[in-house]
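This report concerns only the one structure given below.
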Amino acid sequence: MSVALGITRPLPVRTIPIGDPGNLLSSLPSTAPYAWIRHGEGLAGWGEAAKVTVPPGPDRFAWARKWLASVFGDAHTHGGIGPVAFGTFTFDETSPGSTLVIPRTVLARRGGQAWITTIGDPAPAEPPTPITDPGRISYGDGSLTAPAWETIVARASRRIREGELEKVVLARDLTATAQHPIDVRLLLTRLADRYPDCYTFSVAGLVGATPELLIRRTGQQIESLVLAGTTTRGTNPADDIARGAALFASTKDRHEHECAIASVREALTPLAARLNVPDEPELLVLPNLQHLASHVTGTLADGASVLDVVAALHPTAAVGGTPTPTAIRLIRELEGMDRAGYAGPVGWIDAHGDGEWGIALRSGIVEGHRARLFAGCGIMGTSDPASELAEAQTKFRVMQYALEG
Ligand SMILES: C=C(O[C@H]1C=CC=C(C(=O)O)[C@@H]1O)C(=O)O
């Protein structure tokens with residue numbers, strides 16, 4: 001565990017409204033950029049006023065909350081977006097690497113208004129260095145080859161048919177090696193341009209564009225976008241519509257989605273004074289895929305922070321399975337890898353306990369010349385391993401596009 005950087009408490013914070021800052025990403029430095037962007041709004045941060053590695057274990061979210069309370073103190077802001085912590089939590093509570101960072105500078109835009117928050121003496125404004133290209137990218141298998149992954153999908157599917165569990169989400173990883181160091185800002189720019197409906201993020205080396213909002217808290221209001229059930233885009237508009245309709249009609253995908261919804265409903269019910277879960281999913285159409293999606297809204301019963309809600313929700317059956325403990329055991333048994341931050345909560349929290357956290361899908365861990373990319377699929381008793389592999393390959397394309405353009 002490390003608490004960096006001798007910060008004074010309360011934090012010497014200053015938030016000021018500013019004019020249009022343009023593209024938030026264009027202010028980021030190449031080293032350790034922090035970002036959370038959707039439709040050009042969100043946060044870009046740099047510098048580290050405080051940073052901590054959260055110890056693994058069942059109490060990690062409570063530990064993180066305590067740390068945040070001690071660092072934020074009463075650094076509240078009135079109006080605008082003040083100091084925030086960006087965070088990434090590993091998928092598996094026993095895995096190391098969950099991290100919280102309070103950047104020294106945060107540029108924020110919400111509802112067309114913008115603010116800059118600085119902690120301590122503002123760092124001298126250095127013009128960001130030009131974004132660089134990583135050159136040629138070569139890929140390799142991660143923990144399992146494609147055929148070996150198909151084998152574990154078949155095994156999981158059989159275990160489901162035998163009645164051990166209802167659903168499990170299995171993932172695999174690919175390694176990417178670039179000719180030159182990978183500039184995270186290039187990945188962010190490509191992702192934000194191509195996937196404006198997704199949350200493009202960069203937190204402590206974990207980079208991606210996720211369509212899945214685990215939870216947003218704004219005061220007492222909460223929102224979640226639950227995704228599970230996937231098909232590809234069509235080759236023409238009629239084909240696109242036909243594939244979407246087939247997804248809606250697919251018993252396998254509807255059941256897969258219902259598992260994810262049930263896990264979210266179960267986690268939120270004890271925390272909510274009011275909860276609205278739609279009876280039917282909608283279709284979320286992304287540039288590469290279509291998902292069954294349910295927009296869940298509610299009001300919190302008491303002062304739970306966004307991180308308390310994250311703690312209650314993670315892992316949903318969109319990334320774990322049903323029942324959760326059996327699915328987690330099967331994931332540990334079959335995948336043969338540490339998911340690290342992939343499929344874990346990623347996002348930000350402010351000093352009031354508001355914030356937005358996604359599930360870190362369509363993502364990779366980037367370091368120097370190398371990246372480790374992840375993709376997974378919900379496996380049911382009727383899953384066809386070859387189709388699940390094809391779905392995972394399409395999901396990898398998001399980060400492959402970010403790397404290659
Ligand atoms: C696990 C992933 O996606 C999840 C979210 C949406 C749809 C999913 C599916 O249809 O399998 C997955 O549950 C991933 O993108 O790596």
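Quick note on naming: the chains in the structure tokens go A, B, ... in the order shown, residues restart at 1 in each chain, and ligands are numbered from 1 in order of appearance.
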Per-residue nearest contacts region 100-179 of chain A to region 79-88 of chain A, cut-off 12 Å, using only C-alpha atoms, as a tab-separated table:
```
residue	atom	partner	partner_atom	distance
A:Leu100	CA	A:Gly87	CA	4.4
A:Val101	CA	A:Ala85	CA	5.2
A:Ile102	CA	A:Ala85	CA	4.3
A:Pro103	CA	A:Ala85	CA	7.0
A:Arg104	CA	A:Pro83	CA	8.6
A:Thr105	CA	A:Pro83	CA	8.4
A:Val106	CA	A:Pro83	CA	7.2
A:Leu107	CA	A:Ile81	CA	8.8
A:Ala108	CA	A:Ile81	CA	6.5
A:Arg109	CA	A:Ile81	CA	8.1
A:Arg110	CA	A:Gly80	CA	8.2
A:Gly111	CA	A:Gly80	CA	10.2
A:Gly112	CA	A:Gly80	CA	11.2
A:Gln113	CA	A:Gly80	CA	8.1
A:Ala114	CA	A:Gly80	CA	7.7
A:Trp115	CA	A:Gly80	CA	6.5
A:Ile116	CA	A:Gly82	CA	7.9
A:Thr117	CA	A:Gly82	CA	5.8
A:Thr118	CA	A:Pro83	CA	7.7
A:Ile119	CA	A:Pro83	CA	7.8
A:Gly120	CA	A:Pro83	CA	11.5
```
Taking only C-alpha atoms and all ligand atoms into account, produce a table as JSON lines in which each residue of chain A with an atom at most 6 Å from an atom of ligand 1 appears once, together with its shortest atom pair and the distance in Å to one decimal, ordered by chain and rising number.
```
{"residue": "A:Leu227", "atom": "CA", "partner": "ligand 1", "partner_atom_place_in_ligand_line": "6 (C)", "distance": 4.5}
{"residue": "A:Ala228", "atom": "CA", "partner": "ligand 1", "partner_atom_place_in_ligand_line": "7 (C)", "distance": 3.7}
{"residue": "A:Gly229", "atom": "CA", "partner": "ligand 1", "partner_atom_place_in_ligand_line": "10 (O)", "distance": 3.5}
{"residue": "A:Thr230", "atom": "CA", "partner": "ligand 1", "partner_atom_place_in_ligand_line": "10 (O)", "distance": 4.1}
{"residue": "A:Ala318", "atom": "CA", "partner": "ligand 1", "partner_atom_place_in_ligand_line": "13 (O)", "distance": 3.9}
{"residue": "A:Val319", "atom": "CA", "partner": "ligand 1", "partner_atom_place_in_ligand_line": "1 (C)", "distance": 5.1}
{"residue": "A:Leu361", "atom": "CA", "partner": "ligand 1", "partner_atom_place_in_ligand_line": "15 (O)", "distance": 4.7}
{"residue": "A:Arg362", "atom": "CA", "partner": "ligand 1", "partner_atom_place_in_ligand_line": "15 (O)", "distance": 5.3}
{"residue": "A:Ala375", "atom": "CA", "partner": "ligand 1", "partner_atom_place_in_ligand_line": "16 (O)", "distance": 3.7}
{"residue": "A:Gly376", "atom": "CA", "partner": "ligand 1", "partner_atom_place_in_ligand_line": "16 (O)", "distance": 3.6}
{"residue": "A:Cys377", "atom": "CA", "partner": "ligand 1", "partner_atom_place_in_ligand_line": "11 (O)", "distance": 3.5}
{"residue": "A:Gly378", "atom": "CA", "partner": "ligand 1", "partner_atom_place_in_ligand_line": "11 (O)", "distance": 3.7}
{"residue": "A:Lys395", "atom": "CA", "partner": "ligand 1", "partner_atom_place_in_ligand_line": "15 (O)", "distance": 5.7}
```
For region 305-311 of chain A, please output as a PDB file with C-alpha atoms, in the first residue's frame all residues within 6 Å (counting only C-alpha atoms; exclusion window: fewer than 5 positions along the same chain).
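Ended up saving to part-v3.pdb:
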```pdb
ATOM      1  CA  PHE A  61     -14.444  -0.782  -0.891  1.00  0.00           C
ATOM      2  CA  ARG A 217     -24.912   8.805  -8.271  1.00  0.00           C
ATOM      3  CA  GLY A 353     -19.863  10.806  -2.667  1.00  0.00           C
ATOM      4  CA  ASP A 354     -21.252  11.482  -6.148  1.00  0.00           C
ATOM      5  CA  GLY A 355     -19.622   9.922  -9.167  1.00  0.00           C
TER       6      GLY A 355
END
```
Counting only C-alpha atoms, which residues in region 24-84 of chain A sit no more than 10 Å from region 209-212 of chain A? For each one, give the nearest pair of atoms and the distance in Å, sorted by chain then residue number, as a tab-separated table.
```
residue	atom	partner	partner_atom	distance
A:Trp36	CA	A:Ala209	CA	9.3
A:Ile37	CA	A:Ala209	CA	9.0
A:Arg38	CA	A:Ala209	CA	9.2
```
With a distance cut-off of 9 Å and only C-alpha atoms, select the neighbouring residues of Phe396 (chain A), excluding the residue or stretch itself and same-chain residues fewer than 5 positions from it, and output the selection as a PyMOL selection string.
chain A and resi 173-174+362-363+373-375+391+401
Would you put the residues from that selection into a file with C-alpha atoms, as a PDB file, in the first residue's frame?
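part-v6.pdb was written with the following content:
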```
ATOM      1  CA  ASP A 173      -6.725 -11.954 -23.017  1.00  0.00           C
ATOM      2  CA  LEU A 174      -4.481 -11.050 -25.934  1.00  0.00           C
ATOM      3  CA  ARG A 362     -13.555  -3.191 -24.096  1.00  0.00           C
ATOM      4  CA  SER A 363     -10.310  -2.343 -22.337  1.00  0.00           C
ATOM      5  CA  LEU A 373      -6.381  -6.695 -24.041  1.00  0.00           C
ATOM      6  CA  PHE A 374      -9.455  -8.413 -22.644  1.00  0.00           C
ATOM      7  CA  ALA A 375     -12.849  -9.574 -23.900  1.00  0.00           C
ATOM      8  CA  GLU A 391     -18.201 -12.397 -30.236  1.00  0.00           C
ATOM      9  CA  TYR A 401      -8.831  -0.124 -33.370  1.00  0.00           C
TER      10      TYR A 401
END
```
Considering only strand (DSSP E) as DSSP defines it on the backbone, what residues of region 129-360 of chain A qualify? List them as a ChimeraX atom specification.
/A:137-141,167-178,199-203,206-210,213-218,221-232,272-276,282-285,289-300,321-322,345-350,355-359
Give me the residues within 8 Å of Gln220 (chain A) as a VMD selection string, counting only C-alpha atoms and dropping any in the same chain fewer than 3 places off.
chain A and resid 217 299 to 303
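CA of Thr99 (chain A) is found 24.0 Å from CA of Arg329 (chain A).
Proximity to Ala245 (chain A) at 12 Å, evaluated using only C-alpha atoms and with sequence-adjacent residues fewer than 5 positions away removed, yields Thr230, Thr231, Thr232, Arg233, Gly234, Ala238, Asp239, Asp240, Ser250, Asp253, Arg254, Glu282, Leu283, Gln290, His291 and Leu292 of chain A.
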Shell of 9 Å around region 54-59 of chain A, only C-alpha atoms, local chain residues under 6 positions omitted, as a list of chain:residue names
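These residues fall inside the cut-off: A:Met1, A:Ser2, A:Phe89, A:Thr90, A:Asp92, A:Glu93, A:Thr94, A:Ser95, A:Pro96, A:Gly97, A:Ser98, A:Thr99, A:Leu100.
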Out of A:Asn288, A:Asn23, A:Thr269, A:Thr218, which residue has the shortest atom-to-atom distance to Thr189 (chain A) when counting only C-alpha atoms?
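Once distances to Thr189 (chain A) are computed over only C-alpha atoms, the minimum belongs to A:Asn23.
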Can you list, as a ChimeraX atom specification, all residues belonging to region 152-255 of chain A that DSSP tags as helix (DSSP H, G or I)?
/A:152-161,184-194,237-249,251-255
Keeping only C-alpha atoms, write those residues as a JSON list (two decimals), in the first residue's frame.
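Output file again-v5.json is given in full below:
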```
[["chain", "number", "residue", "atom", "x", "y", "z"],
["A", 152, "ILE", "CA", -13.43, -23.98, -21.57],
["A", 153, "VAL", "CA", -16.59, -22.39, -22.99],
["A", 154, "ALA", "CA", -17.86, -25.89, -23.88],
["A", 155, "ARG", "CA", -16.92, -27.11, -20.40],
["A", 156, "ALA", "CA", -18.69, -24.20, -18.69],
["A", 157, "SER", "CA", -21.75, -24.70, -20.86],
["A", 158, "ARG", "CA", -21.89, -28.36, -19.88],
["A", 159, "ARG", "CA", -21.60, -27.49, -16.18],
["A", 160, "ILE", "CA", -24.55, -25.13, -16.67],
["A", 161, "ARG", "CA", -26.60, -27.85, -18.36],
["A", 184, "VAL", "CA", -2.44, 6.52, -24.14],
["A", 185, "ARG", "CA", -3.76, 9.86, -25.44],
["A", 186, "LEU", "CA", -3.91, 8.45, -28.97],
["A", 187, "LEU", "CA", -5.99, 5.50, -27.75],
["A", 188, "LEU", "CA", -8.30, 7.82, -25.82],
["A", 189, "THR", "CA", -8.77, 10.15, -28.78],
["A", 190, "ARG", "CA", -9.62, 7.29, -31.15],
["A", 191, "LEU", "CA", -11.96, 5.65, -28.65],
["A", 192, "ALA", "CA", -13.79, 8.86, -27.76],
["A", 193, "ASP", "CA", -14.24, 9.71, -31.46],
["A", 194, "ARG", "CA", -15.46, 6.30, -32.53],
["A", 237, "PRO", "CA", -29.69, -1.49, -42.66],
["A", 238, "ALA", "CA", -32.15, -4.37, -43.24],
["A", 239, "ASP", "CA", -29.62, -6.93, -42.00],
["A", 240, "ASP", "CA", -28.89, -4.69, -38.99],
["A", 241, "ILE", "CA", -32.57, -4.56, -38.04],
["A", 242, "ALA", "CA", -32.96, -8.30, -38.59],
["A", 243, "ARG", "CA", -30.03, -9.05, -36.29],
["A", 244, "GLY", "CA", -31.42, -6.74, -33.61],
["A", 245, "ALA", "CA", -34.81, -8.45, -33.88],
["A", 246, "ALA", "CA", -33.19, -11.89, -33.67],
["A", 247, "LEU", "CA", -31.35, -10.76, -30.52],
["A", 248, "PHE", "CA", -34.66, -9.72, -28.96],
["A", 249, "ALA", "CA", -36.20, -13.06, -29.89],
["A", 251, "THR", "CA", -34.19, -17.12, -25.56],
["A", 252, "LYS", "CA", -30.50, -17.55, -24.72],
["A", 253, "ASP", "CA", -29.76, -13.80, -24.86],
["A", 254, "ARG", "CA", -32.96, -12.80, -23.03],
["A", 255, "HIS", "CA", -32.14, -15.23, -20.25]]
```
May I ask which of the residues A:Val207, A:Leu330, A:Ile215, A:Val296 is the closest one to Tyr342 (chain A), counting only C-alpha atoms?
A:Val207
